[in-house]
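For reference, the structure is listed below as structure tokens.
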Amino acid sequence: MSNAKKRIAVIGGGITGLAAAYRLEQAEGVEYQLYEKADRLGGKIQTELVDGFVIERGPDSFLARKESMSRLAREVGMESELLANDTGQAYVLKGERLYPIPGGAVMGIPTEIKPFLSTSLFSTAGKLRAARDLFLSPTVKGNEDISLGHFFRRRLGDEVVDHLVEPLLSGIYAGDLNKLSLKATFPHFQQLEQKYGSLVRGIKATRTPQPKAMDKKSKGMFLSFRQGLESFVHAIEQQLDPASVRKNADLSFIRKEGERYLIGLADGTSESFDHIIMTTPPHVTAQLLSAYPYFDYLREMEATTVATVALAFKEEAVHNPYEGTGFVASKKSPYTITACTWTHKKWQHSTPPGYALLRSYVGRPDDSSIVEQSDEEIVETVLHDLKQIMEIEGQPEFFRVTRWRQSMPQYHVGHTFKIAKIKEDVARNLPGLHLCGAAFEGVGLPDCIDQGEAAVARIIQTS
Ligand code: FAD
């Protein structure tokens, strides 16, 4: 057996690729190259620090209970920089006003009777319909996959879905509930209805107690970093050997040649590796591997286009009658914004004293035309919507509009089966090729880290 080091290429320097590269940096008996098309690492993680503001242009935080991101933060010396969000009431925008999200709701599923009965977000008929969840037979048969829309509408009824479940889940997946896969997004909901005969009973039995939302001292379920998520990217990058990181690397193809893989670059050069870890967006992965017939699903996978719109104001210019941290908008309401975080309340580190920072989302799976308008037009639309529910004087001190075209991969019904088939084909025909990242097994930042690390673990085990 040869003692030569295994050569590994990581394609894409977003969080998935960074997590993989960091593990490879620590591993013995391997050498790696990280290829990133842009002139910076981090992919969708982008923070702008401006005049004391910490503006997240893409993701703003991660779920604390998914531990891989905090663990990696600890490993790269960033633990003391971690911050939890400040908690407060969150709302749903329905009609012309905001309704508090009823206490105890988990992804919109009620688990406490009193707040659910007393909310005016739903009619009495809507509440009675949701209560039928307690008596219905399981929705999912065997190993079938169904849409989140079908699942939730059957269990909880249209009203609770339209005015709570859908706006909350859209905030995570920017997707169409009638197309999103239950199995790929919330497989445990299916298990809960099987085991407890009811989603409400299942969630109630298994949820960890949440801090009371209005308790000033309680901290939230999300974490970020004092200087923004991109500071974490820099901390990981500092741990990598600069000679192993290649930015501005424009790849044109990846091909298997004998036992190894050849990577072709746009400048006409090529390099050969034993293993390839692909972390690029799905259509890029399909295109780089276009010599093979296994990746049609990745090529065709839908991805939603959205934009984040950060508006900074002097504090006295914003008169918000609602106490809390922000809202999600019901699709049934006549607004363009889909969500807004009162960032200065939820993430106090993000905003200097005396200012307010409002961060909204626009763009839906069925209509993202707003994203193609000019920055000024988008800001005007967002302001118009916000002014329906709060008083805002004048124009923002400054704004940042960030477009994310085809950036939220959609796990439609059948996703897990299709991904399993691709992985099966790859294992059989392209051993040494590892597919991971947001298009595969979870879009959240910790899910991406898990996938990047798992790819490296597989390589090390087989070495
Ligand atoms: P990416 O970050 O997309 O990285 C892929 C990399 O590949 C990029 O750097 C790209 O430049 C590079 N690349 C592309 N083509 C090539 C090529 N030909 N050669 C080499 N490199 C190439 N998740 C959360 O957990 N919390 C949040 O709050 C949150 N909010 C979000 C808000 C928005 C607006 C978006 C878009 C996503 C959000 N997400 C959030 C999801 C999360 O940000 C992503 O799923 C995650 O960052 C994806 O990481 P990745 O490494 O898989 O892909």
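If you're wondering about the labels, chains in the structure tokens are A, B, ... by order shown, residues count from 1 in each chain, ligands from 1 in order shown.
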Contacts between ligand 1 and chain A, please, where a residue of chain A counts if it comes within 7 Å (with only C-alpha atoms and all ligand atoms); show its shortest atom pair and distance in Å to one decimal, rows by chain and ascending number, as JSON lines.
{"residue": "A:Ile11", "atom": "CA", "partner": "ligand 1", "partner_atom_place_in_ligand_line": "20 (C)", "distance": 5.2}
{"residue": "A:Gly12", "atom": "CA", "partner": "ligand 1", "partner_atom_place_in_ligand_line": "7 (O)", "distance": 3.4}
{"residue": "A:Gly13", "atom": "CA", "partner": "ligand 1", "partner_atom_place_in_ligand_line": "9 (O)", "distance": 4.5}
{"residue": "A:Gly14", "atom": "CA", "partner": "ligand 1", "partner_atom_place_in_ligand_line": "4 (O)", "distance": 3.3}
{"residue": "A:Ile15", "atom": "CA", "partner": "ligand 1", "partner_atom_place_in_ligand_line": "51 (O)", "distance": 4.0}
{"residue": "A:Thr16", "atom": "CA", "partner": "ligand 1", "partner_atom_place_in_ligand_line": "51 (O)", "distance": 3.8}
{"residue": "A:Gly17", "atom": "CA", "partner": "ligand 1", "partner_atom_place_in_ligand_line": "51 (O)", "distance": 5.6}
{"residue": "A:Tyr35", "atom": "CA", "partner": "ligand 1", "partner_atom_place_in_ligand_line": "20 (C)", "distance": 5.2}
{"residue": "A:Glu36", "atom": "CA", "partner": "ligand 1", "partner_atom_place_in_ligand_line": "21 (N)", "distance": 3.9}
{"residue": "A:Lys37", "atom": "CA", "partner": "ligand 1", "partner_atom_place_in_ligand_line": "21 (N)", "distance": 4.0}
{"residue": "A:Ala38", "atom": "CA", "partner": "ligand 1", "partner_atom_place_in_ligand_line": "11 (O)", "distance": 5.0}
{"residue": "A:Leu41", "atom": "CA", "partner": "ligand 1", "partner_atom_place_in_ligand_line": "9 (O)", "distance": 5.8}
{"residue": "A:Gly42", "atom": "CA", "partner": "ligand 1", "partner_atom_place_in_ligand_line": "9 (O)", "distance": 5.6}
{"residue": "A:Gly43", "atom": "CA", "partner": "ligand 1", "partner_atom_place_in_ligand_line": "9 (O)", "distance": 3.2}
{"residue": "A:Lys44", "atom": "CA", "partner": "ligand 1", "partner_atom_place_in_ligand_line": "2 (O)", "distance": 4.0}
{"residue": "A:Ile45", "atom": "CA", "partner": "ligand 1", "partner_atom_place_in_ligand_line": "47 (O)", "distance": 5.7}
{"residue": "A:Arg57", "atom": "CA", "partner": "ligand 1", "partner_atom_place_in_ligand_line": "34 (C)", "distance": 7.0}
{"residue": "A:Gly58", "atom": "CA", "partner": "ligand 1", "partner_atom_place_in_ligand_line": "34 (C)", "distance": 4.1}
{"residue": "A:Pro59", "atom": "CA", "partner": "ligand 1", "partner_atom_place_in_ligand_line": "30 (N)", "distance": 3.1}
{"residue": "A:Asp60", "atom": "CA", "partner": "ligand 1", "partner_atom_place_in_ligand_line": "28 (O)", "distance": 4.3}
{"residue": "A:Ser61", "atom": "CA", "partner": "ligand 1", "partner_atom_place_in_ligand_line": "28 (O)", "distance": 4.5}
{"residue": "A:Phe62", "atom": "CA", "partner": "ligand 1", "partner_atom_place_in_ligand_line": "25 (O)", "distance": 4.3}
{"residue": "A:Leu63", "atom": "CA", "partner": "ligand 1", "partner_atom_place_in_ligand_line": "25 (O)", "distance": 6.5}
{"residue": "A:Ala249", "atom": "CA", "partner": "ligand 1", "partner_atom_place_in_ligand_line": "20 (C)", "distance": 6.0}
{"residue": "A:Asp250", "atom": "CA", "partner": "ligand 1", "partner_atom_place_in_ligand_line": "19 (N)", "distance": 5.4}
{"residue": "A:Leu251", "atom": "CA", "partner": "ligand 1", "partner_atom_place_in_ligand_line": "18 (N)", "distance": 4.9}
{"residue": "A:Ser252", "atom": "CA", "partner": "ligand 1", "partner_atom_place_in_ligand_line": "18 (N)", "distance": 6.9}
{"residue": "A:Thr279", "atom": "CA", "partner": "ligand 1", "partner_atom_place_in_ligand_line": "52 (O)", "distance": 5.6}
{"residue": "A:Thr280", "atom": "CA", "partner": "ligand 1", "partner_atom_place_in_ligand_line": "7 (O)", "distance": 4.1}
{"residue": "A:Pro281", "atom": "CA", "partner": "ligand 1", "partner_atom_place_in_ligand_line": "3 (O)", "distance": 5.6}
{"residue": "A:Val284", "atom": "CA", "partner": "ligand 1", "partner_atom_place_in_ligand_line": "15 (N)", "distance": 5.7}
{"residue": "A:Val306", "atom": "CA", "partner": "ligand 1", "partner_atom_place_in_ligand_line": "34 (C)", "distance": 6.6}
{"residue": "A:Ala307", "atom": "CA", "partner": "ligand 1", "partner_atom_place_in_ligand_line": "34 (C)", "distance": 6.5}
{"residue": "A:Thr308", "atom": "CA", "partner": "ligand 1", "partner_atom_place_in_ligand_line": "34 (C)", "distance": 6.2}
{"residue": "A:Trp404", "atom": "CA", "partner": "ligand 1", "partner_atom_place_in_ligand_line": "36 (C)", "distance": 5.7}
{"residue": "A:Ser407", "atom": "CA", "partner": "ligand 1", "partner_atom_place_in_ligand_line": "36 (C)", "distance": 5.0}
{"residue": "A:Met408", "atom": "CA", "partner": "ligand 1", "partner_atom_place_in_ligand_line": "36 (C)", "distance": 5.5}
{"residue": "A:Gly437", "atom": "CA", "partner": "ligand 1", "partner_atom_place_in_ligand_line": "52 (O)", "distance": 3.6}
{"residue": "A:Ala438", "atom": "CA", "partner": "ligand 1", "partner_atom_place_in_ligand_line": "52 (O)", "distance": 4.1}
{"residue": "A:Ala439", "atom": "CA", "partner": "ligand 1", "partner_atom_place_in_ligand_line": "52 (O)", "distance": 7.0}
{"residue": "A:Val443", "atom": "CA", "partner": "ligand 1", "partner_atom_place_in_ligand_line": "45 (O)", "distance": 3.9}
{"residue": "A:Gly444", "atom": "CA", "partner": "ligand 1", "partner_atom_place_in_ligand_line": "25 (O)", "distance": 3.4}
{"residue": "A:Leu445", "atom": "CA", "partner": "ligand 1", "partner_atom_place_in_ligand_line": "25 (O)", "distance": 3.9}
{"residue": "A:Pro446", "atom": "CA", "partner": "ligand 1", "partner_atom_place_in_ligand_line": "25 (O)", "distance": 6.4}
{"residue": "A:Cys448", "atom": "CA", "partner": "ligand 1", "partner_atom_place_in_ligand_line": "52 (O)", "distance": 5.6}
As number ranges by chain, list the residues of segment 215-462 of chain A assigned to strand (DSSP E or B) by DSSP on the backbone atoms of this structure. A: 219-225, 245-246, 251-257, 260-265, 270-273, 275-278, 303-314, 318-319, 326-329, 337-342, 355-362, 364, 367, 391-392, 398-409, 412, 433-435
Mind checking which residues fall within 12 Å of segment 396-401 of chain A, counting only C-alpha atoms, ignoring those fewer than 5 positions away in the same chain, and posting them as a VMD selection string? chain A and resid 47 to 51 53 to 58 306 to 318 355 to 362 370 to 380 382 to 383
Write out the residues from the selection above, keeping C-alpha atoms, as a JSON list (two decimals), in the first residue's frame.
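And here's result-v6.json as it stands now:
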[["chain", "number", "residue", "atom", "x", "y", "z"],
["A", 47, "THR", "CA", -22.03, 40.45, 7.58],
["A", 48, "GLU", "CA", -21.47, 44.13, 7.08],
["A", 49, "LEU", "CA", -20.10, 46.20, 9.94],
["A", 50, "VAL", "CA", -21.02, 49.85, 9.45],
["A", 51, "ASP", "CA", -20.94, 52.72, 11.98],
["A", 53, "PHE", "CA", -24.26, 48.36, 13.16],
["A", 54, "VAL", "CA", -23.84, 44.64, 12.62],
["A", 55, "ILE", "CA", -25.89, 43.96, 9.50],
["A", 56, "GLU", "CA", -26.47, 40.37, 8.46],
["A", 57, "ARG", "CA", -27.16, 40.34, 4.74],
["A", 58, "GLY", "CA", -27.92, 36.59, 4.65],
["A", 306, "VAL", "CA", -35.60, 36.39, -1.78],
["A", 307, "ALA", "CA", -34.07, 39.66, -0.67],
["A", 308, "THR", "CA", -33.24, 40.94, 2.79],
["A", 309, "VAL", "CA", -33.87, 44.63, 3.39],
["A", 310, "ALA", "CA", -32.19, 46.28, 6.37],
["A", 311, "LEU", "CA", -33.43, 49.77, 7.26],
["A", 312, "ALA", "CA", -31.64, 51.87, 9.88],
["A", 313, "PHE", "CA", -33.46, 54.74, 11.58],
["A", 314, "LYS", "CA", -32.91, 57.14, 14.43],
["A", 315, "GLU", "CA", -34.80, 55.54, 17.32],
["A", 316, "GLU", "CA", -37.19, 58.50, 17.65],
["A", 317, "ALA", "CA", -38.28, 58.12, 14.01],
["A", 318, "VAL", "CA", -39.93, 54.75, 14.70],
["A", 355, "TYR", "CA", -31.00, 53.76, 16.54],
["A", 356, "ALA", "CA", -33.51, 51.19, 15.33],
["A", 357, "LEU", "CA", -32.71, 48.49, 12.78],
["A", 358, "LEU", "CA", -35.61, 46.80, 10.95],
["A", 359, "ARG", "CA", -34.76, 43.81, 8.76],
["A", 360, "SER", "CA", -37.44, 42.58, 6.39],
["A", 361, "TYR", "CA", -37.73, 39.81, 3.83],
["A", 362, "VAL", "CA", -39.37, 40.04, 0.41],
["A", 370, "ILE", "CA", -40.10, 42.39, -6.29],
["A", 371, "VAL", "CA", -36.49, 41.21, -5.95],
["A", 372, "GLU", "CA", -35.75, 42.42, -9.49],
["A", 373, "GLN", "CA", -36.84, 45.98, -8.76],
["A", 374, "SER", "CA", -34.32, 48.71, -7.89],
["A", 375, "ASP", "CA", -33.09, 49.06, -4.31],
["A", 376, "GLU", "CA", -35.09, 52.28, -3.95],
["A", 377, "GLU", "CA", -38.30, 50.67, -5.19],
["A", 378, "ILE", "CA", -37.87, 47.70, -2.85],
["A", 379, "VAL", "CA", -37.23, 50.02, 0.10],
["A", 380, "GLU", "CA", -40.31, 52.09, -0.79],
["A", 382, "VAL", "CA", -41.10, 47.70, 2.44],
["A", 383, "LEU", "CA", -41.62, 51.09, 4.06]]
Kindly provide the residues of segment 282-358 of chain A that approach segment 169-175 of chain A to within 12 Å, each paired with its closest atom pair and their distance in Å to one decimal, based on only C-alpha atoms, listed by chain and increasing number, as a tab-separated table.
residue	atom	partner	partner_atom	distance
A:Glu302	CA	A:Gly175	CA	9.6
A:Ala303	CA	A:Gly175	CA	8.5
A:Thr304	CA	A:Ala174	CA	6.5
A:Thr305	CA	A:Ala174	CA	8.4
A:Val306	CA	A:Ala174	CA	8.0
A:Ala307	CA	A:Ala174	CA	11.0
A:Thr308	CA	A:Gly171	CA	12.0
A:Phe327	CA	A:Gly171	CA	10.0
A:Val328	CA	A:Gly171	CA	7.2
A:Ala329	CA	A:Gly171	CA	9.2
A:Ser330	CA	A:Ser170	CA	9.6
A:Lys331	CA	A:Ser170	CA	9.5
A:Ile337	CA	A:Gly171	CA	11.2
A:Thr338	CA	A:Gly171	CA	7.6
A:Ala339	CA	A:Gly171	CA	7.1
A:Cys340	CA	A:Gly171	CA	10.0
A:Thr341	CA	A:Gly171	CA	11.1
Can you pull out every residue within 9 Å of Phe440 of chain A, counting only C-alpha atoms, but drop anything in the same chain fewer than 3 positions away, and send it as a list in words? Pro282, Pro409, Tyr411, His415, Thr416, Ile419, Leu435, Cys436, Gly437, Val443, Cys448 and Gln451 of chain A
Calculated over only C-alpha atoms, which of the candidates A:Ala84, A:Ala125, A:Ile460, A:Leu72 has the smallest distance to Asp274 of chain A?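 Selected residue with least distance to Asp274 of chain A: A:Ile460.
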What's the 10 Å shell around Arg153 of chain A, counting only C-alpha atoms, without same-chain residues fewer than 6 positions away, as a ChimeraX atom specification? /A:129-130,147,159-162,165,177-178
Could you jot down the atom CA of Ala291 of chain A to atom CA of Val10 of chain A separation for me, Å, one decimal place?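 These atoms are spaced 19.0 Å apart.
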Using DSSP on the backbone coordinates, identify the residues of segment 129-245 of chain A assigned to helix (DSSP H, G or I); present them as JSON, numbers by chain. {"A": [129, 130, 131, 132, 133, 134, 148, 149, 150, 151, 152, 153, 154, 155, 156, 158, 159, 160, 161, 162, 163, 164, 165, 166, 167, 168, 169, 170, 171, 172, 173, 182, 183, 184, 185, 187, 188, 189, 190, 191, 192, 193, 194, 195, 196, 199, 200, 201, 202, 203, 204, 205, 206, 229, 230, 231, 232, 233, 234, 235, 236, 237, 238, 239, 242, 243, 244]}
Which residue gives the smallest distance to Lys345 of chain A among A:Leu34, A:Ala90, A:Leu386, A:Ile203, with only C-alpha atoms counted?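 Between A:Leu34, A:Ala90, A:Leu386, A:Ile203, the residue approaching Lys345 of chain A most closely is A:Ala90.
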Of the residues A:Gly77, A:Gly442, A:Pro110, A:Gly197, which is the one nearest to Phe225 of chain A, using only C-alpha atoms?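 Result for the nearest residue to Phe225 of chain A: A:Gly77.
In this model, the gap between atom CA of Ile276 of chain A and atom CA of Gly432 of chain A comes to 6.3 Å.
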At a cut-off of 12 Å, using only C-alpha atoms, what residues contact Phe151 of chain A? Leave out same-chain residues fewer than 2 positions from it and give the result as a ChimeraX atom specification. /A:133,136-141,144-149,153-158,161,165-166,177-183,186-187,189-190,193,198-199,413
